[in-house]
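Have a look at data11.cif below; it lists mmCIF, N, CA and C atoms.
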```cif
data_run
loop_
_atom_site.group_PDB
_atom_site.id
_atom_site.type_symbol
_atom_site.label_atom_id
_atom_site.label_comp_id
_atom_site.auth_asym_id
_atom_site.auth_seq_id
_atom_site.Cartn_x
_atom_site.Cartn_y
_atom_site.Cartn_z
ATOM 1 N N ASN C 1 8.786 16.118 -6.277
ATOM 2 C CA ASN C 1 8.812 16.869 -7.514
ATOM 3 C C ASN C 1 9.481 16.006 -8.582
ATOM 4 N N PRO C 2 8.746 15.616 -9.636
ATOM 5 C CA PRO C 2 9.315 14.752 -10.672
ATOM 6 C C PRO C 2 10.482 15.384 -11.419
ATOM 7 N N GLU C 3 10.646 16.677 -11.323
ATOM 8 C CA GLU C 3 11.797 17.315 -11.964
ATOM 9 C C GLU C 3 13.095 17.024 -11.193
ATOM 10 N N LEU C 4 12.967 16.642 -9.931
ATOM 11 C CA LEU C 4 14.134 16.396 -9.092
ATOM 12 C C LEU C 4 14.535 14.925 -9.031
ATOM 13 N N TYR C 5 13.585 14.033 -9.243
ATOM 14 C CA TYR C 5 13.915 12.601 -9.210
ATOM 15 C C TYR C 5 12.955 11.846 -10.109
ATOM 16 N N ASP C 6 13.398 10.674 -10.565
ATOM 17 C CA ASP C 6 12.558 9.893 -11.462
ATOM 18 C C ASP C 6 12.388 8.448 -10.997
ATOM 19 N N GLN C 7 12.740 8.165 -9.756
ATOM 20 C CA GLN C 7 12.601 6.832 -9.185
ATOM 21 C C GLN C 7 11.488 6.843 -8.138
ATOM 22 N N PRO C 8 10.806 5.702 -7.964
ATOM 23 C CA PRO C 8 9.777 5.649 -6.920
ATOM 24 C C PRO C 8 10.387 5.884 -5.535
ATOM 25 N N LEU C 9 9.607 6.465 -4.671
ATOM 26 C CA LEU C 9 9.995 6.689 -3.283
ATOM 27 C C LEU C 9 9.356 5.588 -2.447
ATOM 28 N N THR C 10 10.150 4.881 -1.676
ATOM 29 C CA THR C 10 9.601 3.844 -0.800
ATOM 30 C C THR C 10 9.202 4.500 0.511
ATOM 31 N N VAL C 11 7.922 4.359 0.857
ATOM 32 C CA VAL C 11 7.382 4.913 2.096
ATOM 33 C C VAL C 11 7.253 3.761 3.083
ATOM 34 N N GLU C 12 7.704 4.001 4.305
ATOM 35 C CA GLU C 12 7.669 2.974 5.346
ATOM 36 C C GLU C 12 6.778 3.466 6.470
ATOM 37 N N LEU C 13 5.854 2.614 6.911
ATOM 38 C CA LEU C 13 4.993 3.010 8.022
ATOM 39 C C LEU C 13 4.958 1.907 9.058
ATOM 40 N N THR C 14 4.785 2.312 10.295
ATOM 41 C CA THR C 14 4.690 1.367 11.410
ATOM 42 C C THR C 14 3.221 1.224 11.773
ATOM 43 N N PRO C 15 2.689 -0.007 11.703
ATOM 44 C CA PRO C 15 1.274 -0.192 12.067
ATOM 45 C C PRO C 15 1.035 0.200 13.520
ATOM 46 N N PRO C 16 -0.146 0.739 13.813
ATOM 47 C CA PRO C 16 -0.463 1.092 15.201
ATOM 48 C C PRO C 16 -0.471 -0.154 16.098
ATOM 49 N N ALA C 17 -0.101 0.019 17.337
ATOM 50 C CA ALA C 17 -0.106 -1.099 18.291
ATOM 51 C C ALA C 17 -1.507 -1.692 18.379
ATOM 52 N N GLY C 18 -1.582 -3.007 18.375
ATOM 53 C CA GLY C 18 -2.882 -3.676 18.510
ATOM 54 C C GLY C 18 -3.662 -3.779 17.214
ATOM 55 N N ARG C 19 -3.116 -3.268 16.124
ATOM 56 C CA ARG C 19 -3.786 -3.355 14.815
ATOM 57 C C ARG C 19 -2.991 -4.301 13.925
ATOM 58 N N PRO C 20 -3.589 -5.399 13.501
ATOM 59 C CA PRO C 20 -2.854 -6.301 12.607
ATOM 60 C C PRO C 20 -2.513 -5.602 11.288
ATOM 61 N N ALA C 21 -1.314 -5.840 10.810
ATOM 62 C CA ALA C 21 -0.880 -5.222 9.556
ATOM 63 C C ALA C 21 -1.801 -5.598 8.401
ATOM 64 N N ALA C 22 -2.381 -6.793 8.453
ATOM 65 C CA ALA C 22 -3.272 -7.243 7.377
ATOM 66 C C ALA C 22 -4.551 -6.407 7.295
ATOM 67 N N LYS C 23 -4.860 -5.658 8.340
ATOM 68 C CA LYS C 23 -6.068 -4.835 8.351
ATOM 69 C C LYS C 23 -5.823 -3.410 7.857
ATOM 70 N N LEU C 24 -4.587 -3.082 7.501
ATOM 71 C CA LEU C 24 -4.288 -1.740 7.007
ATOM 72 C C LEU C 24 -4.355 -1.716 5.487
ATOM 73 N N ARG C 25 -4.798 -0.596 4.971
ATOM 74 C CA ARG C 25 -4.901 -0.426 3.528
ATOM 75 C C ARG C 25 -4.442 0.978 3.182
ATOM 76 N N VAL C 26 -3.697 1.099 2.097
ATOM 77 C CA VAL C 26 -3.255 2.398 1.594
ATOM 78 C C VAL C 26 -3.918 2.604 0.236
ATOM 79 N N THR C 27 -4.486 3.787 0.039
ATOM 80 C CA THR C 27 -5.115 4.117 -1.244
ATOM 81 C C THR C 27 -4.588 5.458 -1.736
ATOM 82 N N ASP C 28 -4.664 5.645 -3.052
ATOM 83 C CA ASP C 28 -4.284 6.932 -3.624
ATOM 84 C C ASP C 28 -5.505 7.841 -3.691
ATOM 85 N N GLU C 29 -5.349 9.013 -4.289
ATOM 86 C CA GLU C 29 -6.440 9.990 -4.316
ATOM 87 C C GLU C 29 -7.649 9.518 -5.124
ATOM 88 N N LYS C 30 -7.469 8.502 -5.956
ATOM 89 C CA LYS C 30 -8.590 7.938 -6.728
ATOM 90 C C LYS C 30 -9.161 6.693 -6.051
ATOM 91 N N ARG C 31 -8.717 6.425 -4.814
ATOM 92 C CA ARG C 31 -9.158 5.288 -4.011
ATOM 93 C C ARG C 31 -8.670 3.946 -4.560
ATOM 94 N N ASN C 32 -7.622 3.970 -5.391
ATOM 95 C CA ASN C 32 -6.994 2.742 -5.863
ATOM 96 C C ASN C 32 -6.102 2.196 -4.752
ATOM 97 N N ALA C 33 -6.205 0.893 -4.509
ATOM 98 C CA ALA C 33 -5.375 0.268 -3.474
ATOM 99 C C ALA C 33 -3.918 0.229 -3.920
ATOM 100 N N ILE C 34 -3.028 0.535 -3.013
ATOM 101 C CA ILE C 34 -1.594 0.505 -3.255
ATOM 102 C C ILE C 34 -1.044 -0.762 -2.591
ATOM 103 N N PRO C 35 -0.299 -1.592 -3.329
ATOM 104 C CA PRO C 35 0.245 -2.822 -2.727
ATOM 105 C C PRO C 35 1.218 -2.517 -1.592
ATOM 106 N N LEU C 36 1.086 -3.266 -0.509
ATOM 107 C CA LEU C 36 1.954 -3.134 0.658
ATOM 108 C C LEU C 36 2.863 -4.352 0.760
ATOM 109 N N ARG C 37 4.066 -4.127 1.279
ATOM 110 C CA ARG C 37 5.022 -5.202 1.541
ATOM 111 C C ARG C 37 5.385 -5.170 3.015
ATOM 112 N N ALA C 38 5.395 -6.332 3.625
ATOM 113 C CA ALA C 38 5.808 -6.432 5.026
ATOM 114 C C ALA C 38 7.325 -6.414 5.087
ATOM 115 N N GLY C 39 7.844 -5.817 6.149
ATOM 116 C CA GLY C 39 9.287 -5.773 6.337
ATOM 117 C C GLY C 39 9.617 -5.510 7.784
ATOM 118 N N ARG C 40 10.881 -5.304 8.048
ATOM 119 C CA ARG C 40 11.340 -5.007 9.395
ATOM 120 C C ARG C 40 12.296 -3.834 9.340
ATOM 121 N N SER C 41 12.226 -3.028 10.358
ATOM 122 C CA SER C 41 13.184 -1.949 10.559
ATOM 123 C C SER C 41 13.733 -2.152 11.964
ATOM 124 N N GLY C 42 14.895 -2.766 12.039
ATOM 125 C CA GLY C 42 15.410 -3.163 13.349
ATOM 126 C C GLY C 42 14.525 -4.257 13.908
ATOM 127 N N ASP C 43 13.996 -4.048 15.111
ATOM 128 C CA ASP C 43 13.104 -5.024 15.750
ATOM 129 C C ASP C 43 11.630 -4.724 15.501
ATOM 130 N N THR C 44 11.322 -3.733 14.694
ATOM 131 C CA THR C 44 9.947 -3.285 14.485
ATOM 132 C C THR C 44 9.404 -3.775 13.144
ATOM 133 N N ALA C 45 8.183 -4.326 13.163
ATOM 134 C CA ALA C 45 7.506 -4.710 11.928
ATOM 135 C C ALA C 45 6.999 -3.441 11.242
ATOM 136 N N VAL C 46 7.229 -3.355 9.941
ATOM 137 C CA VAL C 46 6.794 -2.190 9.179
ATOM 138 C C VAL C 46 6.102 -2.652 7.896
ATOM 139 N N LEU C 47 5.378 -1.738 7.286
ATOM 140 C CA LEU C 47 4.801 -1.937 5.967
ATOM 141 C C LEU C 47 5.426 -0.915 5.036
ATOM 142 N N ARG C 48 5.662 -1.318 3.796
ATOM 143 C CA ARG C 48 6.271 -0.419 2.815
ATOM 144 C C ARG C 48 5.417 -0.388 1.556
ATOM 145 N N PHE C 49 5.438 0.774 0.903
ATOM 146 C CA PHE C 49 4.836 0.883 -0.419
ATOM 147 C C PHE C 49 5.639 1.879 -1.231
ATOM 148 N N ASP C 50 5.554 1.741 -2.543
ATOM 149 C CA ASP C 50 6.289 2.626 -3.436
ATOM 150 C C ASP C 50 5.371 3.712 -3.974
ATOM 151 N N ALA C 51 5.838 4.944 -3.901
ATOM 152 C CA ALA C 51 5.103 6.090 -4.429
ATOM 153 C C ALA C 51 5.833 6.574 -5.684
ATOM 154 N N PRO C 52 5.119 6.634 -6.817
ATOM 155 C CA PRO C 52 5.771 7.092 -8.040
ATOM 156 C C PRO C 52 6.173 8.568 -7.933
ATOM 157 N N PRO C 53 7.111 9.007 -8.778
ATOM 158 C CA PRO C 53 7.588 10.396 -8.714
ATOM 159 C C PRO C 53 6.585 11.365 -9.341
ATOM 160 N N ARG C 54 5.546 11.680 -8.580
ATOM 161 C CA ARG C 54 4.530 12.647 -9.013
ATOM 162 C C ARG C 54 3.849 13.197 -7.773
ATOM 163 N N ASP C 55 3.164 14.310 -7.923
ATOM 164 C CA ASP C 55 2.403 14.850 -6.804
ATOM 165 C C ASP C 55 1.199 13.929 -6.567
ATOM 166 N N ALA C 56 0.999 13.519 -5.322
ATOM 167 C CA ALA C 56 -0.093 12.611 -5.013
ATOM 168 C C ALA C 56 -0.421 12.671 -3.523
ATOM 169 N N ALA C 57 -1.602 12.208 -3.206
ATOM 170 C CA ALA C 57 -2.026 12.093 -1.813
ATOM 171 C C ALA C 57 -2.393 10.639 -1.554
ATOM 172 N N TYR C 58 -2.042 10.143 -0.385
ATOM 173 C CA TYR C 58 -2.317 8.761 -0.013
ATOM 174 C C TYR C 58 -3.059 8.751 1.313
ATOM 175 N N SER C 59 -3.951 7.760 1.469
ATOM 176 C CA SER C 59 -4.676 7.580 2.712
ATOM 177 C C SER C 59 -4.323 6.228 3.292
ATOM 178 N N ILE C 60 -4.198 6.183 4.604
ATOM 179 C CA ILE C 60 -3.942 4.938 5.320
ATOM 180 C C ILE C 60 -5.143 4.715 6.200
ATOM 181 N N GLU C 61 -5.759 3.545 6.068
ATOM 182 C CA GLU C 61 -6.965 3.265 6.852
ATOM 183 C C GLU C 61 -6.952 1.844 7.365
ATOM 184 N N VAL C 62 -7.737 1.607 8.417
ATOM 185 C CA VAL C 62 -7.913 0.269 8.979
ATOM 186 C C VAL C 62 -9.186 -0.289 8.379
ATOM 187 N N THR C 63 -9.093 -1.507 7.831
ATOM 188 C CA THR C 63 -10.263 -2.153 7.247
ATOM 189 C C THR C 63 -10.958 -2.997 8.314
ATOM 190 N N PRO C 64 -12.232 -3.250 8.117
ATOM 191 C CA PRO C 64 -12.968 -4.079 9.104
ATOM 192 C C PRO C 64 -12.514 -5.526 9.123
#
```
Exercise: express the given structure as structure tokens:
Amino acid sequence: NPELYDQPLTVELTPPAGRPAAKLRVTDEKRNAIPLRAGRSGDTAVLRFDAPPRDAAYSIEVTP
């Protein structure tokens, strides 16, 4: 809710086992690609993206 915060929310996801992180893509409701950043959470490889402070839907998909 943008009335409660005005900073982007960083979303962290763990790629599925056996799926290279480079094959994952995140898009918004208009199918615009959202930039991903590689990172680590402890010993686990993760991907992060920033979600602006607004109501939105995001899709995570594996690309060919």
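Listed by chain and then by number, the residues chosen by the PyMOL selection byres ((chain C and resi 48) around 7) in this file are Thr10, Val11, Glu12, Leu13, Pro35, Leu36, Arg37, Ala38, Gly39, Val46, Leu47, Phe49 and Asp50 of chain C.
From atom N of Asp43 of chain C back to atom N of Ala22 of chain C, the distance works out to 17.9 Å.
Our summary of the geometry notes that atom C of Arg25 of chain C is positioned 18.4 Å from atom C of Arg54 of chain C.
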Can you list, as a CSV table (one decimal) with N, CA and C atoms, in the coordinates of the input, every residue of chain C that DSSP puts in strand (DSSP E)?
```csv
chain,number,residue,atom,x,y,z
C,9,LEU,N,9.6,6.5,-4.7
C,9,LEU,CA,10.0,6.7,-3.3
C,9,LEU,C,9.4,5.6,-2.4
C,10,THR,N,10.2,4.9,-1.7
C,10,THR,CA,9.6,3.8,-0.8
C,10,THR,C,9.2,4.5,0.5
C,11,VAL,N,7.9,4.4,0.9
C,11,VAL,CA,7.4,4.9,2.1
C,11,VAL,C,7.3,3.8,3.1
C,12,GLU,N,7.7,4.0,4.3
C,12,GLU,CA,7.7,3.0,5.3
C,12,GLU,C,6.8,3.5,6.5
C,13,LEU,N,5.9,2.6,6.9
C,13,LEU,CA,5.0,3.0,8.0
C,13,LEU,C,5.0,1.9,9.1
C,24,LEU,N,-4.6,-3.1,7.5
C,24,LEU,CA,-4.3,-1.7,7.0
C,24,LEU,C,-4.4,-1.7,5.5
C,25,ARG,N,-4.8,-0.6,5.0
C,25,ARG,CA,-4.9,-0.4,3.5
C,25,ARG,C,-4.4,1.0,3.2
C,26,VAL,N,-3.7,1.1,2.1
C,26,VAL,CA,-3.3,2.4,1.6
C,26,VAL,C,-3.9,2.6,0.2
C,27,THR,N,-4.5,3.8,0.0
C,27,THR,CA,-5.1,4.1,-1.2
C,27,THR,C,-4.6,5.5,-1.7
C,28,ASP,N,-4.7,5.6,-3.1
C,28,ASP,CA,-4.3,6.9,-3.6
C,28,ASP,C,-5.5,7.8,-3.7
C,33,ALA,N,-6.2,0.9,-4.5
C,33,ALA,CA,-5.4,0.3,-3.5
C,33,ALA,C,-3.9,0.2,-3.9
C,34,ILE,N,-3.0,0.5,-3.0
C,34,ILE,CA,-1.6,0.5,-3.3
C,34,ILE,C,-1.0,-0.8,-2.6
C,37,ARG,N,4.1,-4.1,1.3
C,37,ARG,CA,5.0,-5.2,1.5
C,37,ARG,C,5.4,-5.2,3.0
C,38,ALA,N,5.4,-6.3,3.6
C,38,ALA,CA,5.8,-6.4,5.0
C,38,ALA,C,7.3,-6.4,5.1
C,39,GLY,N,7.8,-5.8,6.1
C,39,GLY,CA,9.3,-5.8,6.3
C,39,GLY,C,9.6,-5.5,7.8
C,40,ARG,N,10.9,-5.3,8.0
C,40,ARG,CA,11.3,-5.0,9.4
C,40,ARG,C,12.3,-3.8,9.3
C,41,SER,N,12.2,-3.0,10.4
C,41,SER,CA,13.2,-1.9,10.6
C,41,SER,C,13.7,-2.2,12.0
C,44,THR,N,11.3,-3.7,14.7
C,44,THR,CA,9.9,-3.3,14.5
C,44,THR,C,9.4,-3.8,13.1
C,45,ALA,N,8.2,-4.3,13.2
C,45,ALA,CA,7.5,-4.7,11.9
C,45,ALA,C,7.0,-3.4,11.2
C,46,VAL,N,7.2,-3.4,9.9
C,46,VAL,CA,6.8,-2.2,9.2
C,46,VAL,C,6.1,-2.7,7.9
C,47,LEU,N,5.4,-1.7,7.3
C,47,LEU,CA,4.8,-1.9,6.0
C,47,LEU,C,5.4,-0.9,5.0
C,48,ARG,N,5.7,-1.3,3.8
C,48,ARG,CA,6.3,-0.4,2.8
C,48,ARG,C,5.4,-0.4,1.6
C,49,PHE,N,5.4,0.8,0.9
C,49,PHE,CA,4.8,0.9,-0.4
C,49,PHE,C,5.6,1.9,-1.2
C,50,ASP,N,5.6,1.7,-2.5
C,50,ASP,CA,6.3,2.6,-3.4
C,50,ASP,C,5.4,3.7,-4.0
C,51,ALA,N,5.8,4.9,-3.9
C,51,ALA,CA,5.1,6.1,-4.4
C,51,ALA,C,5.8,6.6,-5.7
C,58,TYR,N,-2.0,10.1,-0.4
C,58,TYR,CA,-2.3,8.8,0.0
C,58,TYR,C,-3.1,8.8,1.3
C,59,SER,N,-4.0,7.8,1.5
C,59,SER,CA,-4.7,7.6,2.7
C,59,SER,C,-4.3,6.2,3.3
C,60,ILE,N,-4.2,6.2,4.6
C,60,ILE,CA,-3.9,4.9,5.3
C,60,ILE,C,-5.1,4.7,6.2
C,61,GLU,N,-5.8,3.5,6.1
C,61,GLU,CA,-7.0,3.3,6.9
C,61,GLU,C,-7.0,1.8,7.4
C,62,VAL,N,-7.7,1.6,8.4
C,62,VAL,CA,-7.9,0.3,9.0
C,62,VAL,C,-9.2,-0.3,8.4
```
Would you write out, as a PDB file with N, CA and C atoms, keeping the file's coordinate frame, every residue that the PyMOL selection byres ((chain C and resi 55-63) around 5) captures in this file?
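Produced file result_0.pdb, reproduced below:
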```pdb
ATOM      1  N   LYS C  23      -4.860  -5.658   8.340  1.00  0.00           N
ATOM      2  CA  LYS C  23      -6.068  -4.835   8.351  1.00  0.00           C
ATOM      3  C   LYS C  23      -5.823  -3.410   7.857  1.00  0.00           C
ATOM      4  N   LEU C  24      -4.587  -3.082   7.501  1.00  0.00           N
ATOM      5  CA  LEU C  24      -4.288  -1.740   7.007  1.00  0.00           C
ATOM      6  C   LEU C  24      -4.355  -1.716   5.487  1.00  0.00           C
ATOM      7  N   ARG C  25      -4.798  -0.596   4.971  1.00  0.00           N
ATOM      8  CA  ARG C  25      -4.901  -0.426   3.528  1.00  0.00           C
ATOM      9  C   ARG C  25      -4.442   0.978   3.182  1.00  0.00           C
ATOM     10  N   VAL C  26      -3.697   1.099   2.097  1.00  0.00           N
ATOM     11  CA  VAL C  26      -3.255   2.398   1.594  1.00  0.00           C
ATOM     12  C   VAL C  26      -3.918   2.604   0.236  1.00  0.00           C
ATOM     13  N   THR C  27      -4.486   3.787   0.039  1.00  0.00           N
ATOM     14  CA  THR C  27      -5.115   4.117  -1.244  1.00  0.00           C
ATOM     15  C   THR C  27      -4.588   5.458  -1.736  1.00  0.00           C
ATOM     16  N   ASP C  28      -4.664   5.645  -3.052  1.00  0.00           N
ATOM     17  CA  ASP C  28      -4.284   6.932  -3.624  1.00  0.00           C
ATOM     18  C   ASP C  28      -5.505   7.841  -3.691  1.00  0.00           C
ATOM     19  N   GLU C  29      -5.349   9.013  -4.289  1.00  0.00           N
ATOM     20  CA  GLU C  29      -6.440   9.990  -4.316  1.00  0.00           C
ATOM     21  C   GLU C  29      -7.649   9.518  -5.124  1.00  0.00           C
ATOM     22  N   PRO C  53       7.111   9.007  -8.778  1.00  0.00           N
ATOM     23  CA  PRO C  53       7.588  10.396  -8.714  1.00  0.00           C
ATOM     24  C   PRO C  53       6.585  11.365  -9.341  1.00  0.00           C
ATOM     25  N   ARG C  54       5.546  11.680  -8.580  1.00  0.00           N
ATOM     26  CA  ARG C  54       4.530  12.647  -9.013  1.00  0.00           C
ATOM     27  C   ARG C  54       3.849  13.197  -7.773  1.00  0.00           C
ATOM     28  N   PRO C  64     -12.232  -3.250   8.117  1.00  0.00           N
ATOM     29  CA  PRO C  64     -12.968  -4.079   9.104  1.00  0.00           C
ATOM     30  C   PRO C  64     -12.514  -5.526   9.123  1.00  0.00           C
TER      31      PRO C  64
END
```
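Contact shell of Pro52 of chain C at 7 Å (all atoms listed in the file; same-chain neighbours under 4 positions omitted): Asp6, Gln7, Pro8 and Leu9 of chain C.
Across the structure, atom CA of Ile34 of chain C and atom N of Pro15 of chain C are spaced 15.6 Å apart.
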